[in-house]
Amino acid sequence: GSADGNCASGFGVCCMFILTGCTASVTQNCTYIRNAEFPNTASGSQTCTYTFNRICDNLCQIRLDFDNLVTVGPPTTGTNTVGLCSTSGDTVTATSPTGASPPVICGTNTGQHMYLETGSTGTAGTLALAFGTGTGTRTYNIKVSYVQCSSTSKAPEGCVRYYTGSSGTVTSFNYPNQFLANQNYATCVRTEEGMCGIQWS
């Protein structure tokens, strides 16, 4: 890792794990995946694939926090192409070894998150960012967190997004821009202590 400021009242140094290569394996919890030019835009048409190694026992999920994720968005007009990321040439694809993968996304998703089921053996999953030839900004800074089956941070199985707390805001991927096509996934909200319902507005 690399030093990133002090911690423990100055008695220690905070360590960050950052991957900037276009193809790499994640081997540490709380690793950040960034495009090499970050915070500037990535250059050229390319596909970057990151493999999540199974670094701990009793692993159930990987949480991806999109601290920054901006790609070219999908078409907003056209016949049978509106909202399709594959048409724009930019796709962000998280693949689960269980076969139950989150939807393919694109556009602006800074501040969003995604859970990936890891299964119990082999590689824990992959993340591929494909950039086409279209003109636009492409940046990403993604935090990778490993979630063990006994963790209180674990989402219910099958939940692509999991919200906690007594209040908050839930938005679709690429909001407030063009709604993405083929978005069949579950968004879940944790029941907080002393509460028995939820109100949407």
# chains A, B, ... in the order shown; residues from 1 in each chain; ligands from 1

$ residues_around --residues "segment 39-44 of chain A" --least-positions-apart "3" --cutoff "9 Å" --atoms "only C-alpha atoms" --output "list in words"
Arg34, Asn35, Ala36, Phe131, Gly132, Thr133, Gly136, Thr137, Arg138, Thr139, Tyr140 and Asn141 of chain A

$ write_last_selection --atoms "C-alpha atoms" --output "CSV table (one decimal), in the first residue's frame"
chain,number,residue,atom,x,y,z
A,34,ARG,CA,-8.7,3.8,-10.5
A,35,ASN,CA,-8.1,4.7,-14.1
A,36,ALA,CA,-4.4,5.5,-14.6
A,131,PHE,CA,-14.7,2.1,-23.2
A,132,GLY,CA,-15.8,2.6,-26.8
A,133,THR,CA,-14.7,5.1,-29.4
A,136,GLY,CA,-16.9,11.8,-23.6
A,137,THR,CA,-15.5,11.8,-20.0
A,138,ARG,CA,-14.4,8.4,-18.5
A,139,THR,CA,-13.2,8.3,-15.0
A,140,TYR,CA,-13.5,5.8,-12.1
A,141,ASN,CA,-12.4,5.4,-8.5

$ select_by_dssp --residues "segment 43-201 of chain A" --states "strand (DSSP E)" --output "MDAnalysis selection string"
chainID A and resid 46:52 59:70 91:95 113:117 126:131 139:148 159:163 186:189

$ residues_around --residues "Thr108 of chain A" --least-positions-apart "6" --cutoff "9 Å" --atoms "only C-alpha atoms" --output "JSON, numbers by chain"
{"A": [68, 69, 70, 71, 72, 73, 173, 174, 175, 176, 177]}

$ write_last_selection --atoms "N, CA, C and O atoms" --output "mmCIF file, in the first residue's frame"
data_model
loop_
_atom_site.group_PDB
_atom_site.id
_atom_site.type_symbol
_atom_site.label_atom_id
_atom_site.label_comp_id
_atom_site.auth_asym_id
_atom_site.auth_seq_id
_atom_site.Cartn_x
_atom_site.Cartn_y
_atom_site.Cartn_z
ATOM 1 N N ASN A 68 -16.298 7.444 -7.604
ATOM 2 C CA ASN A 68 -16.380 8.168 -8.868
ATOM 3 C C ASN A 68 -16.563 7.144 -9.979
ATOM 4 O O ASN A 68 -15.820 6.160 -10.041
ATOM 5 N N LEU A 69 -17.559 7.321 -10.799
ATOM 6 C CA LEU A 69 -17.764 6.454 -11.953
ATOM 7 C C LEU A 69 -18.532 7.227 -13.027
ATOM 8 O O LEU A 69 -19.739 7.461 -12.897
ATOM 9 N N VAL A 70 -17.809 7.630 -14.058
ATOM 10 C CA VAL A 70 -18.404 8.393 -15.147
ATOM 11 C C VAL A 70 -17.955 7.772 -16.467
ATOM 12 O O VAL A 70 -16.750 7.649 -16.725
ATOM 13 N N THR A 71 -18.905 7.361 -17.288
ATOM 14 C CA THR A 71 -18.612 6.861 -18.632
ATOM 15 C C THR A 71 -19.578 7.526 -19.604
ATOM 16 O O THR A 71 -20.469 8.286 -19.197
ATOM 17 N N VAL A 72 -19.425 7.232 -20.872
ATOM 18 C CA VAL A 72 -20.387 7.720 -21.857
ATOM 19 C C VAL A 72 -21.729 7.039 -21.592
ATOM 20 O O VAL A 72 -21.784 5.830 -21.365
ATOM 21 N N GLY A 73 -22.799 7.817 -21.588
ATOM 22 C CA GLY A 73 -24.122 7.282 -21.323
ATOM 23 C C GLY A 73 -24.744 6.632 -22.542
ATOM 24 O O GLY A 73 -24.198 6.685 -23.652
ATOM 25 N N PHE A 173 -29.583 3.619 -11.343
ATOM 26 C CA PHE A 173 -28.286 3.847 -11.950
ATOM 27 C C PHE A 173 -28.424 4.867 -13.085
ATOM 28 O O PHE A 173 -29.406 4.881 -13.822
ATOM 29 N N ASN A 174 -27.431 5.753 -13.178
ATOM 30 C CA ASN A 174 -27.363 6.824 -14.179
ATOM 31 C C ASN A 174 -28.366 7.947 -13.943
ATOM 32 O O ASN A 174 -28.555 8.804 -14.799
ATOM 33 N N TYR A 175 -29.036 7.965 -12.800
ATOM 34 C CA TYR A 175 -29.957 9.060 -12.462
ATOM 35 C C TYR A 175 -29.159 10.354 -12.287
ATOM 36 O O TYR A 175 -28.069 10.342 -11.739
ATOM 37 N N PRO A 176 -29.698 11.507 -12.754
ATOM 38 C CA PRO A 176 -31.015 11.760 -13.335
ATOM 39 C C PRO A 176 -31.022 11.702 -14.858
ATOM 40 O O PRO A 176 -31.910 12.291 -15.491
ATOM 41 N N ASN A 177 -30.078 11.030 -15.436
ATOM 42 C CA ASN A 177 -29.998 10.936 -16.897
ATOM 43 C C ASN A 177 -30.836 9.769 -17.406
ATOM 44 O O ASN A 177 -31.601 9.159 -16.656
#

$ closest_residue --among "A:Ala94, A:Leu64, A:Leu129, A:Ile142" --to "Ser45 of chain A" --atoms "only C-alpha atoms"
A:Leu129

$ select_by_dssp --residues "segment 68-138 of chain A" --states "helix (DSSP H, G or I)" --output "MDAnalysis selection string"
chainID A and resid 85:88

$ atom_distance --atom1 "atom CA of Thr98 of chain A" --atom2 "atom CA of Pro74 of chain A"
27.5 Å

$ atom_distance --atom1 "atom CA of Gly158 of chain A" --atom2 "atom CA of Pro102 of chain A"
9.1 Å

$ residues_around --residues "Cys149 of chain A" --least-positions-apart "3" --cutoff "6 Å" --atoms "only C-alpha atoms" --output "JSON list (two decimals) with C-alpha atoms, in the first residue's frame"
[["chain", "number", "residue", "atom", "x", "y", "z"],
["A", 58, "ASN", "CA", -16.41, -17.38, 4.89],
["A", 59, "LEU", "CA", -16.68, -14.83, 2.07],
["A", 60, "CYS", "CA", -20.21, -14.09, 0.81]]

$ closest_residue --among "A:Thr51, A:Gln183, A:Thr77, A:Thr135" --to "Thr118 of chain A" --atoms "only C-alpha atoms"
A:Thr51

$ closest_residue --among "A:Thr191, A:Thr121, A:Asn182, A:Asn53" --to "Asn80 of chain A" --atoms "only C-alpha atoms"
A:Asn182

$ residues_around --residues "Thr76 of chain A" --least-positions-apart "3" --cutoff "12 Å" --atoms "only C-alpha atoms" --output "list of chain:residue names"
A:Val72, A:Gly73, A:Thr79, A:Asn80, A:Thr81, A:Val82, A:Gly83, A:Leu84, A:Cys85, A:Thr87, A:Ser88, A:Gly107, A:Asn177, A:Gln178, A:Phe179, A:Leu180, A:Ala181

$ atom_distance --atom1 "atom CA of Ser25 of chain A" --atom2 "atom CA of Pro156 of chain A"
26.2 Å

$ residues_around --residues "Thr93 of chain A" --least-positions-apart "5" --cutoff "6 Å" --atoms "only C-alpha atoms" --output "PyMOL selection string"
chain A and resi 104+127-128

$ write_last_selection --atoms "C-alpha atoms" --output "short mmCIF file (atom, residue, chain, number, x, y, z; two decimals), in the first residue's frame"
data_model
loop_
_atom_site.label_atom_id
_atom_site.label_comp_id
_atom_site.auth_asym_id
_atom_site.auth_seq_id
_atom_site.Cartn_x
_atom_site.Cartn_y
_atom_site.Cartn_z
CA VAL A 104 -24.61 -3.87 -16.90
CA LEU A 127 -15.28 -6.20 -12.86
CA ALA A 128 -14.81 -5.12 -16.47
#

$ residues_around --residues "Gly125 of chain A" --least-positions-apart "4" --cutoff "10 Å" --atoms "only C-alpha atoms" --output "list in words"
Tyr50, Thr51, Phe52, Asn53, Arg54, Gln61, Ile62, Ala94, Thr95, Ser96, Pro97, Thr98, Ser101, Leu116, Glu117, Thr118 and Gly119 of chain A

$ write_last_selection --atoms "all heavy atoms" --output "CSV table (one decimal), in the first residue's frame"
chain,number,residue,atom,x,y,z
A,50,TYR,N,-10.7,-6.4,-13.8
A,50,TYR,CA,-10.2,-6.6,-12.5
A,50,TYR,C,-10.8,-7.9,-11.9
A,50,TYR,O,-12.0,-8.1,-11.9
A,50,TYR,CB,-10.5,-5.4,-11.6
A,50,TYR,CG,-9.9,-4.1,-12.1
A,50,TYR,CD1,-10.7,-3.3,-12.9
A,50,TYR,CD2,-8.6,-3.7,-11.9
A,50,TYR,CE1,-10.2,-2.1,-13.5
A,50,TYR,CE2,-8.1,-2.6,-12.4
A,50,TYR,CZ,-8.9,-1.8,-13.2
A,50,TYR,OH,-8.4,-0.6,-13.7
A,51,THR,N,-9.9,-8.7,-11.4
A,51,THR,CA,-10.3,-10.0,-10.8
A,51,THR,C,-10.2,-9.9,-9.3
A,51,THR,O,-9.2,-9.4,-8.7
A,51,THR,CB,-9.4,-11.2,-11.3
A,51,THR,OG1,-9.4,-11.3,-12.7
A,51,THR,CG2,-9.8,-12.5,-10.6
A,52,PHE,N,-11.3,-10.4,-8.6
A,52,PHE,CA,-11.3,-10.3,-7.2
A,52,PHE,C,-10.9,-11.7,-6.6
A,52,PHE,O,-11.6,-12.7,-6.7
A,52,PHE,CB,-12.8,-10.0,-6.7
A,52,PHE,CG,-13.3,-8.7,-7.3
A,52,PHE,CD1,-14.6,-8.7,-7.9
A,52,PHE,CD2,-12.6,-7.5,-7.2
A,52,PHE,CE1,-15.1,-7.5,-8.4
A,52,PHE,CE2,-13.1,-6.4,-7.7
A,52,PHE,CZ,-14.3,-6.4,-8.4
A,53,ASN,N,-9.7,-11.7,-6.0
A,53,ASN,CA,-9.2,-12.9,-5.4
A,53,ASN,C,-10.0,-13.2,-4.2
A,53,ASN,O,-10.5,-12.3,-3.5
A,53,ASN,CB,-7.7,-12.8,-5.1
A,53,ASN,CG,-6.8,-12.8,-6.3
A,53,ASN,OD1,-7.3,-12.8,-7.4
A,53,ASN,ND2,-5.5,-12.7,-6.1
A,54,ARG,N,-10.1,-14.5,-3.9
A,54,ARG,CA,-10.8,-14.9,-2.6
A,54,ARG,C,-9.8,-14.8,-1.5
A,54,ARG,O,-9.0,-15.8,-1.2
A,54,ARG,CB,-11.3,-16.3,-2.8
A,54,ARG,CG,-12.3,-16.8,-1.7
A,54,ARG,CD,-12.9,-18.1,-2.0
A,54,ARG,NE,-13.7,-18.0,-3.2
A,54,ARG,CZ,-15.0,-17.6,-3.2
A,54,ARG,NH1,-15.6,-17.3,-2.1
A,54,ARG,NH2,-15.7,-17.5,-4.4
A,61,GLN,N,-19.9,-11.9,-0.1
A,61,GLN,CA,-20.2,-10.8,-1.1
A,61,GLN,C,-19.0,-9.8,-1.2
A,61,GLN,O,-18.1,-9.8,-0.4
A,61,GLN,CB,-21.4,-10.0,-0.6
A,61,GLN,CG,-22.7,-10.7,-0.5
A,61,GLN,CD,-23.8,-10.0,0.2
A,61,GLN,OE1,-23.5,-9.1,1.0
A,61,GLN,NE2,-25.0,-10.3,-0.1
A,62,ILE,N,-19.0,-9.1,-2.3
A,62,ILE,CA,-18.1,-8.0,-2.5
A,62,ILE,C,-19.0,-6.7,-2.7
A,62,ILE,O,-20.0,-6.8,-3.5
A,62,ILE,CB,-17.2,-8.2,-3.7
A,62,ILE,CG1,-16.1,-9.2,-3.3
A,62,ILE,CG2,-16.5,-6.9,-4.1
A,62,ILE,CD1,-15.2,-9.6,-4.5
A,94,ALA,N,-20.1,-6.2,-13.8
A,94,ALA,CA,-19.6,-7.0,-12.6
A,94,ALA,C,-20.2,-8.4,-12.8
A,94,ALA,O,-21.4,-8.6,-13.0
A,94,ALA,CB,-20.2,-6.4,-11.3
A,95,THR,N,-19.3,-9.4,-12.7
A,95,THR,CA,-19.7,-10.8,-13.0
A,95,THR,C,-19.5,-11.6,-11.7
A,95,THR,O,-18.4,-11.7,-11.1
A,95,THR,CB,-18.9,-11.4,-14.1
A,95,THR,OG1,-19.1,-10.6,-15.3
A,95,THR,CG2,-19.3,-12.8,-14.4
A,96,SER,N,-20.6,-12.3,-11.3
A,96,SER,CA,-20.5,-13.2,-10.1
A,96,SER,C,-20.3,-14.6,-10.6
A,96,SER,O,-20.8,-15.1,-11.6
A,96,SER,CB,-21.9,-13.1,-9.4
A,96,SER,OG,-22.0,-14.1,-8.5
A,97,PRO,N,-19.5,-15.4,-9.8
A,97,PRO,CA,-19.3,-16.8,-10.1
A,97,PRO,C,-20.5,-17.6,-9.9
A,97,PRO,O,-20.6,-18.8,-10.4
A,97,PRO,CB,-18.1,-17.2,-9.2
A,97,PRO,CG,-18.2,-16.2,-8.0
A,97,PRO,CD,-18.7,-14.9,-8.6
A,98,THR,N,-21.5,-17.1,-9.2
A,98,THR,CA,-22.8,-17.8,-9.0
A,98,THR,C,-23.7,-17.8,-10.2
A,98,THR,O,-24.7,-18.5,-10.2
A,98,THR,CB,-23.5,-17.2,-7.8
A,98,THR,OG1,-24.0,-15.9,-8.1
A,98,THR,CG2,-22.6,-17.2,-6.6
A,101,SER,N,-25.5,-12.2,-11.6
A,101,SER,CA,-24.7,-11.0,-11.7
A,101,SER,C,-25.6,-9.7,-11.7
A,101,SER,O,-26.7,-9.8,-12.2
A,101,SER,CB,-23.8,-11.0,-12.9
A,101,SER,OG,-22.9,-12.1,-12.9
A,116,LEU,N,-22.0,-7.8,-5.0
A,116,LEU,CA,-21.8,-9.0,-5.9
A,116,LEU,C,-21.6,-10.2,-5.1
A,116,LEU,O,-20.8,-10.3,-4.1
A,116,LEU,CB,-20.4,-8.7,-6.6
A,116,LEU,CG,-19.9,-9.7,-7.6
A,116,LEU,CD1,-20.8,-9.7,-8.9
A,116,LEU,CD2,-18.5,-9.4,-8.0
A,117,GLU,N,-22.5,-11.2,-5.4
A,117,GLU,CA,-22.4,-12.5,-4.7
A,117,GLU,C,-21.1,-13.3,-5.1
A,117,GLU,O,-20.8,-13.3,-6.3
A,117,GLU,CB,-23.6,-13.4,-5.0
A,117,GLU,CG,-24.9,-12.7,-4.6
A,117,GLU,CD,-25.1,-12.7,-3.0
A,117,GLU,OE1,-24.5,-13.4,-2.3
A,117,GLU,OE2,-25.9,-11.8,-2.6
A,118,THR,N,-20.4,-13.8,-4.2
A,118,THR,CA,-19.1,-14.4,-4.5
A,118,THR,C,-19.1,-15.9,-4.6
A,118,THR,O,-18.1,-16.5,-5.1
A,118,THR,CB,-18.0,-14.0,-3.5
A,118,THR,OG1,-18.4,-14.6,-2.2
A,118,THR,CG2,-17.9,-12.5,-3.4
A,119,GLY,N,-20.1,-16.6,-4.2
A,119,GLY,CA,-20.1,-18.0,-4.1
A,119,GLY,C,-19.1,-18.5,-3.0
A,119,GLY,O,-18.6,-17.7,-2.2

$ closest_residue --among "A:Asp67, A:Gln46, A:Leu19, A:Thr27" --to "Tyr146 of chain A" --atoms "only C-alpha atoms"
A:Thr27
